[in-house]
>>> print(open('run_18.txt').read())   # compact mmCIF, C-alpha atoms and all ligand atoms
# COMPACT_ATOMS: atom_id res chain seq x y z
CA MET K 250 5.93 25.84 28.40
CA ILE K 251 6.55 23.10 25.84
CA SER K 252 10.22 22.86 24.92
CA PRO K 253 11.07 22.54 21.21
CA GLU K 254 12.19 18.90 21.80
CA THR K 255 8.93 17.93 23.45
CA ALA K 256 6.94 19.66 20.76
CA ARG K 257 8.84 17.96 17.94
CA ALA K 258 8.78 14.38 19.23
CA PRO K 259 5.10 13.61 18.59
CA VAL K 260 5.32 15.09 15.10
CA ARG K 261 8.23 12.80 14.24
CA ARG K 262 6.41 9.75 15.57
CA SER K 263 3.17 10.53 13.81
CA THR K 264 5.11 10.83 10.56
CA VAL K 265 6.43 7.28 10.85
CA GLU K 266 2.98 6.16 11.98
CA ALA K 267 1.39 7.76 8.93
CA LEU K 268 4.03 6.12 6.77
CA ILE K 269 3.14 2.70 8.20
CA ARG K 270 -0.58 3.25 7.84
CA ASN K 271 -0.44 4.49 4.28
CA MET K 272 2.38 2.57 2.63
CA PRO K 273 1.55 -0.28 0.23
CA LYS K 274 2.04 -3.56 2.11
CA ALA K 275 2.23 -7.31 1.59
CA GLU K 276 1.22 -9.89 4.17
CA LEU K 277 2.77 -13.36 3.92
CA HIS K 278 1.88 -15.07 7.20
CA LEU K 279 -1.82 -15.09 7.88
CA HIS K 280 -4.03 -18.00 8.95
CA ILE K 281 -7.44 -17.32 7.51
CA GLU K 282 -9.12 -19.18 10.39
CA GLY K 283 -7.29 -16.78 12.68
CA THR K 284 -9.14 -13.81 11.18
CA LEU K 285 -12.50 -14.95 12.52
CA GLU K 286 -13.54 -12.03 14.72
CA PRO K 287 -15.86 -12.90 17.63
CA GLU K 288 -18.74 -10.96 16.01
CA LEU K 289 -18.59 -13.03 12.82
CA MET K 290 -17.90 -16.22 14.77
CA LEU K 291 -21.03 -15.76 16.87
CA SER K 292 -23.17 -14.86 13.87
CA LEU K 293 -21.97 -17.97 11.99
CA ALA K 294 -22.58 -20.05 15.13
CA GLU K 295 -26.18 -18.81 15.15
CA ARG K 296 -26.62 -19.25 11.38
CA ASN K 297 -25.37 -22.85 11.59
CA GLY K 298 -26.84 -23.82 14.97
CA VAL K 299 -23.42 -24.47 16.54
CA SER K 300 -23.02 -23.93 20.28
CA LEU K 301 -19.68 -22.53 21.44
CA GLY K 302 -17.97 -22.30 24.80
CA PHE K 303 -18.73 -18.54 24.80
CA GLY K 304 -22.00 -16.77 24.05
CA THR K 305 -21.01 -13.12 23.75
CA VAL K 306 -18.23 -11.10 22.15
CA GLU K 307 -17.00 -10.10 25.61
CA GLU K 308 -16.86 -13.71 26.81
CA ALA K 309 -14.97 -14.70 23.68
CA ARG K 310 -12.39 -11.94 24.13
CA LYS K 311 -12.00 -12.90 27.79
CA ALA K 312 -11.27 -16.49 26.74
CA TYR K 313 -8.36 -15.23 24.62
CA ALA K 314 -6.01 -15.12 27.61
CA PHE K 315 -3.47 -17.53 26.20
CA THR K 316 -0.48 -18.73 28.12
CA ASP K 317 1.21 -20.63 25.32
CA MET K 318 0.74 -22.12 21.86
CA GLN K 319 -1.45 -25.01 22.98
CA SER K 320 -3.89 -22.87 24.95
CA PHE K 321 -4.28 -20.71 21.84
CA LEU K 322 -4.71 -23.63 19.45
CA ASP K 323 -7.45 -25.13 21.64
CA ILE K 324 -9.53 -21.96 21.22
CA TYR K 325 -8.58 -21.51 17.55
CA TYR K 326 -9.87 -24.99 16.65
CA GLU K 327 -12.97 -24.44 18.81
CA GLY K 328 -13.75 -21.23 16.89
CA ALA K 329 -13.27 -22.96 13.52
CA ARG K 330 -16.22 -25.25 14.36
CA VAL K 331 -18.66 -22.56 13.22
CA LEU K 332 -17.41 -22.93 9.63
CA LEU K 333 -19.58 -25.46 7.84
CA LYS K 334 -20.70 -24.16 4.45
CA GLU K 335 -18.91 -22.68 1.45
CA GLN K 336 -20.54 -19.31 2.20
CA ASP K 337 -19.01 -19.33 5.71
CA PHE K 338 -15.49 -19.72 4.30
CA TYR K 339 -16.26 -17.04 1.73
CA ASP K 340 -17.59 -14.60 4.34
CA MET K 341 -14.58 -15.08 6.63
CA THR K 342 -12.11 -14.56 3.79
CA TRP K 343 -14.02 -11.59 2.42
CA ALA K 344 -14.08 -9.89 5.82
CA TYR K 345 -10.30 -10.19 6.03
CA LEU K 346 -9.73 -8.83 2.51
CA GLU K 347 -12.01 -5.85 3.09
CA ARG K 348 -10.23 -5.09 6.31
CA VAL K 349 -6.69 -5.17 4.91
CA HIS K 350 -7.69 -3.38 1.72
CA ALA K 351 -8.43 -0.44 4.03
CA GLU K 352 -4.82 -0.75 5.30
CA ASN K 353 -3.42 -0.53 1.75
CA VAL K 354 -2.37 -4.19 1.60
CA ARG K 355 -1.64 -4.93 -2.06
CA HIS K 356 -0.62 -8.58 -1.83
CA VAL K 357 -1.62 -11.33 0.61
CA GLU K 358 -0.66 -14.96 0.97
CA ILE K 359 -3.17 -16.83 3.03
CA PHE K 360 -2.77 -20.09 4.95
CA PHE K 361 -5.66 -22.43 5.48
CA ASP K 362 -5.87 -25.59 7.60
CA PRO K 363 -8.06 -28.07 5.67
CA GLN K 364 -7.65 -30.82 8.28
CA ALA K 365 -9.27 -28.60 10.92
CA HIS K 366 -12.41 -28.86 8.78
CA THR K 367 -12.27 -32.21 6.97
CA ASP K 368 -11.76 -33.97 10.33
CA ARG K 369 -15.15 -32.49 11.39
CA GLY K 370 -16.85 -33.82 8.26
CA VAL K 371 -16.71 -30.66 6.12
CA ALA K 372 -15.83 -31.50 2.51
CA PHE K 373 -12.44 -30.32 1.26
CA GLU K 374 -14.15 -28.77 -1.76
CA THR K 375 -16.41 -26.67 0.48
CA VAL K 376 -13.41 -25.21 2.30
CA ILE K 377 -11.21 -24.40 -0.67
CA SER K 378 -14.04 -23.16 -2.90
CA GLY K 379 -15.29 -20.61 -0.36
CA ILE K 380 -11.81 -19.22 0.25
CA HIS K 381 -10.79 -19.27 -3.41
CA HIS K 382 -13.87 -17.43 -4.66
CA ALA K 383 -13.43 -14.69 -2.08
CA LEU K 384 -9.79 -14.29 -3.17
CA ILE K 385 -10.83 -14.00 -6.82
CA ASP K 386 -13.43 -11.36 -5.95
CA GLY K 387 -10.91 -9.52 -3.77
CA GLU K 388 -8.35 -9.42 -6.58
CA GLU K 389 -10.96 -7.91 -8.86
CA GLN K 390 -12.43 -5.35 -6.48
CA PHE K 391 -9.39 -4.31 -4.47
CA ASP K 392 -6.52 -4.24 -6.98
CA MET K 393 -4.80 -6.82 -4.82
CA SER K 394 -2.90 -9.99 -5.68
CA THR K 395 -3.37 -13.09 -3.58
CA GLY K 396 -1.90 -16.53 -3.01
CA LEU K 397 -3.26 -19.51 -1.13
CA ILE K 398 -1.04 -21.87 0.89
CA MET K 399 -2.39 -25.14 2.27
CA CYS K 400 -0.97 -26.09 5.67
CA PHE K 401 -0.57 -29.55 7.14
CA LEU K 402 -1.33 -29.85 10.84
CA ARG K 403 1.89 -31.16 12.34
CA HIS K 404 0.29 -32.67 15.46
CA LEU K 405 -1.46 -35.12 13.10
CA SER K 406 0.28 -37.94 11.26
CA ALA K 407 2.45 -37.77 8.16
CA ALA K 408 -0.01 -40.18 6.51
CA ALA K 409 -2.87 -37.73 7.14
CA ALA K 410 -0.80 -34.95 5.56
CA ARG K 411 -0.21 -37.12 2.48
CA GLU K 412 -3.97 -37.79 2.17
CA THR K 413 -4.61 -34.06 2.42
CA LEU K 414 -2.12 -33.38 -0.36
CA GLN K 415 -3.96 -35.84 -2.59
CA ARG K 416 -7.21 -33.98 -1.92
CA VAL K 417 -5.82 -30.67 -3.12
CA LEU K 418 -4.35 -31.98 -6.37
CA PRO K 419 -7.58 -31.51 -8.37
CA TYR K 420 -7.38 -27.83 -7.23
CA ARG K 421 -3.65 -27.60 -7.87
CA ASN K 422 -4.05 -24.31 -9.76
CA TRP K 423 -5.77 -22.65 -6.83
CA ILE K 424 -2.81 -22.92 -4.48
CA VAL K 425 0.74 -21.71 -4.69
CA GLY K 426 2.32 -23.84 -2.00
CA VAL K 427 2.16 -25.93 1.14
CA GLY K 428 3.00 -25.06 4.73
CA LEU K 429 3.31 -26.66 8.14
CA ASP K 430 1.63 -25.34 11.28
CA SER K 431 0.03 -26.20 14.65
CA SER K 432 1.98 -27.42 17.73
CA GLU K 433 5.64 -27.19 16.86
CA VAL K 434 7.47 -28.78 19.79
CA GLY K 435 7.61 -32.58 19.47
CA HIS K 436 6.63 -32.46 15.78
CA PRO K 437 9.86 -31.69 13.90
CA PRO K 438 9.85 -30.96 10.18
CA GLU K 439 11.58 -34.29 9.43
CA LYS K 440 8.25 -36.03 10.17
CA PHE K 441 6.88 -34.46 6.95
CA LYS K 442 9.78 -34.92 4.53
CA VAL K 443 7.92 -37.34 2.23
CA VAL K 444 4.80 -35.20 1.79
CA PHE K 445 6.92 -32.12 1.10
CA ASP K 446 8.82 -34.11 -1.56
CA GLU K 447 5.47 -35.06 -3.10
CA ALA K 448 4.25 -31.46 -2.99
CA ARG K 449 7.43 -30.25 -4.72
CA ASP K 450 6.96 -32.91 -7.40
CA ALA K 451 3.50 -31.41 -7.98
CA GLY K 452 5.14 -28.03 -8.59
CA LEU K 453 4.20 -26.49 -5.24
CA LEU K 454 6.42 -24.14 -3.25
CA ALA K 455 7.06 -24.84 0.43
CA VAL K 456 7.12 -22.89 3.68
CA ALA K 457 7.04 -24.11 7.29
CA HIS K 458 6.56 -22.73 10.77
CA ALA K 459 9.87 -23.29 12.53
CA GLY K 460 11.82 -21.65 15.32
CA GLU K 461 8.72 -20.11 16.91
CA GLU K 462 8.61 -22.27 20.05
CA GLY K 463 10.86 -24.96 18.59
CA PRO K 464 14.69 -24.87 18.52
CA PRO K 465 17.00 -23.73 15.69
CA GLU K 466 17.42 -27.40 14.78
CA TYR K 467 13.83 -27.33 13.44
CA VAL K 468 14.74 -24.40 11.17
CA TRP K 469 17.68 -26.42 9.82
CA GLN K 470 15.37 -29.36 9.14
CA ALA K 471 12.84 -27.13 7.37
CA LEU K 472 15.61 -25.81 5.11
CA GLU K 473 17.43 -29.05 4.42
CA LEU K 474 14.70 -31.70 4.52
CA LEU K 475 11.58 -29.78 3.48
CA ARG K 476 13.52 -27.39 1.21
CA VAL K 477 11.34 -24.45 2.16
CA LYS K 478 11.57 -21.08 0.42
CA ARG K 479 10.62 -19.14 3.56
CA ILE K 480 10.53 -19.77 7.29
CA ASP K 481 7.41 -18.76 9.21
CA HIS K 482 8.48 -17.08 12.47
CA GLY K 483 12.07 -18.32 12.76
CA VAL K 484 12.85 -15.85 15.56
CA ARG K 485 14.89 -18.46 17.47
CA CYS K 486 17.42 -18.56 14.59
CA ILE K 487 19.33 -15.93 16.48
CA GLU K 488 20.49 -18.63 18.94
CA ASP K 489 22.57 -20.28 16.19
CA GLU K 490 25.19 -18.14 14.45
CA ARG K 491 25.76 -20.63 11.62
CA LEU K 492 22.02 -20.64 10.93
CA VAL K 493 21.89 -16.84 10.83
CA GLN K 494 24.70 -16.92 8.25
CA ARG K 495 22.89 -19.52 6.16
CA LEU K 496 19.60 -17.56 6.18
CA LYS K 497 21.49 -14.44 5.22
CA GLU K 498 23.58 -15.97 2.44
CA GLU K 499 20.59 -17.66 0.82
CA ARG K 500 18.31 -14.74 1.58
CA ILE K 501 15.65 -17.01 3.07
CA PRO K 502 12.85 -14.76 4.32
CA LEU K 503 11.47 -14.96 7.86
CA THR K 504 7.78 -14.08 8.23
CA VAL K 505 7.70 -12.69 11.76
CA CYS K 506 4.51 -11.97 13.72
CA PRO K 507 5.29 -9.63 16.62
CA LEU K 508 1.93 -9.43 18.43
CA SER K 509 1.48 -13.20 18.14
CA ASN K 510 4.92 -13.75 19.65
CA VAL K 511 4.01 -11.69 22.69
CA ARG K 512 0.54 -13.22 23.16
CA LEU K 513 2.01 -16.74 22.90
CA ARG K 514 4.88 -15.82 25.23
CA VAL K 515 7.69 -16.35 22.74
CA PHE K 516 8.82 -12.95 24.08
CA ASP K 517 7.69 -11.56 27.45
CA THR K 518 6.92 -8.11 26.07
CA ILE K 519 7.06 -6.34 22.73
CA ASP K 520 10.11 -4.43 24.01
CA ASP K 521 11.97 -7.75 24.13
CA HIS K 522 11.22 -8.68 20.52
CA ASN K 523 14.27 -9.42 18.39
CA ILE K 524 12.96 -8.28 14.99
CA LYS K 525 15.23 -5.22 14.93
CA GLN K 526 18.22 -7.40 15.79
CA ILE K 527 17.32 -9.80 12.96
CA LEU K 528 16.86 -6.89 10.57
CA ASP K 529 20.19 -5.40 11.54
CA ARG K 530 21.90 -8.73 10.94
CA GLY K 531 20.85 -8.30 7.30
CA LEU K 532 18.19 -11.01 7.13
CA CYS K 533 15.11 -10.72 4.93
CA VAL K 534 12.61 -10.32 7.76
CA THR K 535 8.97 -9.27 7.28
CA VAL K 536 6.09 -8.16 9.54
CA ASN K 537 2.82 -10.12 9.59
CA SER K 538 -0.23 -10.70 11.77
CA ASP K 539 -0.55 -14.52 12.07
CA ASP K 540 -4.04 -14.72 13.68
CA PRO K 541 -5.16 -11.11 13.99
CA ALA K 542 -8.58 -11.77 15.52
CA TYR K 543 -6.89 -13.54 18.42
CA PHE K 544 -3.70 -11.54 18.88
CA GLY K 545 -5.01 -7.99 18.92
CA GLY K 546 -4.05 -6.54 15.58
CA TYR K 547 -3.79 -6.73 11.82
CA ILE K 548 -0.63 -5.99 9.86
CA THR K 549 -0.63 -2.24 10.50
CA GLU K 550 -0.95 -2.77 14.26
CA ASN K 551 1.96 -5.22 14.14
CA PHE K 552 4.13 -2.66 12.36
CA LEU K 553 3.09 0.08 14.79
CA ALA K 554 3.77 -2.11 17.83
CA VAL K 555 7.37 -2.83 16.86
CA GLN K 556 7.97 0.67 15.55
CA ARG K 557 6.98 2.17 18.90
CA ALA K 558 8.63 -0.42 21.13
CA LEU K 559 11.90 -0.65 19.23
CA ASN K 560 11.98 2.92 17.97
CA LEU K 561 12.18 1.92 14.32
CA GLY K 562 12.86 4.68 11.84
CA LYS K 563 11.73 5.24 8.28
CA GLU K 564 14.65 3.22 6.88
CA ASP K 565 13.72 0.20 9.01
CA ILE K 566 10.06 0.39 7.98
CA HIS K 567 11.06 0.78 4.35
CA ARG K 568 13.29 -2.30 4.54
CA LEU K 569 10.64 -4.40 6.31
CA GLY K 570 8.01 -3.37 3.78
CA ARG K 571 10.25 -3.99 0.79
CA ASN K 572 11.37 -7.38 2.12
CA ALA K 573 7.76 -8.58 2.05
CA PHE K 574 7.37 -7.76 -1.65
CA GLU K 575 10.72 -9.39 -2.41
CA ALA K 576 9.76 -12.51 -0.43
CA ALA K 577 6.33 -12.86 -2.06
CA PHE K 578 5.47 -15.83 -4.26
CA LEU K 579 4.69 -13.60 -7.23
CA ASP K 580 5.67 -13.47 -10.86
CA GLU K 581 8.46 -11.00 -11.60
CA GLU K 582 6.19 -8.54 -13.38
CA ARG K 583 3.77 -8.07 -10.49
CA LYS K 584 6.59 -8.07 -7.96
CA HIS K 585 8.41 -5.38 -9.90
CA ALA K 586 5.24 -3.28 -10.12
CA LEU K 587 4.60 -3.52 -6.37
CA ILE K 588 8.19 -2.70 -5.45
CA GLY K 589 7.98 0.29 -7.79
CA MET K 590 4.79 1.41 -6.04
CA LEU K 591 6.49 1.17 -2.64
CA GLU K 592 9.61 3.00 -3.81
CA ARG K 593 7.58 5.87 -5.26
CA PHE K 594 5.60 6.08 -2.02
CA MET K 595 8.78 6.21 0.07
CA GLU K 596 10.28 8.95 -2.13
CA ARG K 597 7.19 11.08 -1.60
CA HIS K 598 6.94 10.58 2.19
N1 LIG E 1 -1.95 -22.08 13.56
C1 LIG E 1 -2.50 -20.86 13.62
N2 LIG E 1 -1.64 -19.98 14.13
C2 LIG E 1 -0.49 -20.66 14.41
C3 LIG E 1 0.77 -20.30 14.93
N3 LIG E 1 1.07 -19.06 15.34
N4 LIG E 1 1.69 -21.27 15.08
C4 LIG E 1 1.41 -22.52 14.72
N5 LIG E 1 0.25 -22.89 14.21
C5 LIG E 1 -0.71 -21.97 14.04
ZN ZN E 2 1.41 -18.87 11.94
>>> encode(input="run_18.txt", output="structure tokens")
Amino acid sequence: MISPETARAPVRRSTVEALIRNMPKAELHLHIEGTLEPELMLSLAERNGVSLGFGTVEEARKAYAFTDMQSFLDIYYEGARVLLKEQDFYDMTWAYLERVHAENVRHVEIFFDPQAHTDRGVAFETVISGIHHALIDGEEQFDMSTGLIMCFLRHLSAAAARETLQRVLPYRNWIVGVGLDSSEVGHPPEKFKVVFDEARDAGLLAVAHAGEEGPPEYVWQALELLRVKRIDHGVRCIEDERLVQRLKEERIPLTVCPLSNVRLRVFDTIDDHNIKQILDRGLCVTVNSDDPAYFGGYITENFLAVQRALNLGKEDIHRLGRNAFEAAFLDEERKHALIGMLERFMERH
């Protein structure tokens, strides 16, 4: 016979699961090139006559057995080679927007890596136009707001980052800010201080990946030298008490990506993830998907993974969801409207 406890448990869990699936969400840490699902990648490869290291969806998924950041980045840049024309960038972006619209995502901020394309001979305009036009169409069709953030590849030189900034200036109104990604260790934020100063002078906001594989010192540099408004990942902040205090006092958001962290071995298993600890320390932490096609899940799956592993309750999910709207690069009116939408949802569920 099923005891009352056993009978109740699944009901309670499915309630939190339903809450996660249905609540209005914002995603703030998403590399658009990391949304390229093997099916679309292979069809673009065929359309453009590009030959890849894998010929089938199964072979591609098998190749996604990463052991660390570099083994992932090697495959990520290989996959990006299928993107050649404006339509390719449009199709990739559109596929992502359609997908997360179905998950009730109401605001997204999207990273793109122009140097991964311009270094292969694809024009900057081709890249940004394809992505931008998909975002405009998504806003119209899906009642969604969007922002575009241009990342500098930190394994390349500071001079190359400065050239890339110059290329975006004619499209200044299409982007909200700049970011810093790719291999973290050995490429500290200080290397990019000048280009971040130039970006700020152009009125752009700043974020940076820091404290993912790199030490807390890199998070300090991102704050003090690059003057970022948010830290991408930042999970290693917990090793430095003074840093935790600083992030808390200034309410600097951390855009955390749980499934990515496990696949890239930042944590051994999802049970070891420290997002609940960071949340309980009072930091403005958010849940995001990073590169969902490679790491096994979009934003909802990331929420569900930590909810199950760390036994998060409704209050935790509410706080994580609200933090993302508060941390968004949005005007006050839209932000207020989205927070109101979330609050009404939470009252009803
Ligand atoms: N580029 C794409 N995904 C990344 C990640 N998780 N860290 C650094 N650079 C990236
Ligand atoms: Zn990232």
>>> closest_residue(input="run_18.txt", among="K:Asn422, K:Asp517, K:Leu277, K:Phe544", to="K:Ala312", atoms="only C-alpha atoms")
K:Phe544
>>> closest_residue(input="run_18.txt", among="K:Thr413, K:Gln470, K:Asn551, K:Ser538", to="ligand LIG 1 (chain E)", atoms="all atoms listed in the file")
K:Ser538
>>> residues_near_point(input="run_18.txt", point="(11.1, -34.0, 14.0)", cutoff="12 Å", atoms="only C-alpha atoms", output="ChimeraX atom specification")
/K:403-404,406-407,432-442,459,463-471,474-475
>>> residues_near_ligand(input="run_18.txt", ligand="ligand LIG 1 (chain E)", cutoff="9 Å", atoms="only C-alpha atoms and all ligand atoms", output="ChimeraX atom specification")
/K:279-283,318,321-322,325-326,360-362,400,402-403,429-433,458-459,461-462,481-482,506,509-510,513,539-540
>>> residues_around(input="run_18.txt", residues="K:Ala576", least_positions_apart="5", cutoff="9 Å", atoms="all atoms listed in the file", output="ChimeraX atom specification")
/K:277,478-479,501-503,533-535,571
>>> closest_residue(input="run_18.txt", among="K:Ala558, K:Leu591, K:Leu508, K:Leu332", to="ligand ZN 2 (chain E)", atoms="only C-alpha atoms and all ligand atoms")
K:Leu508
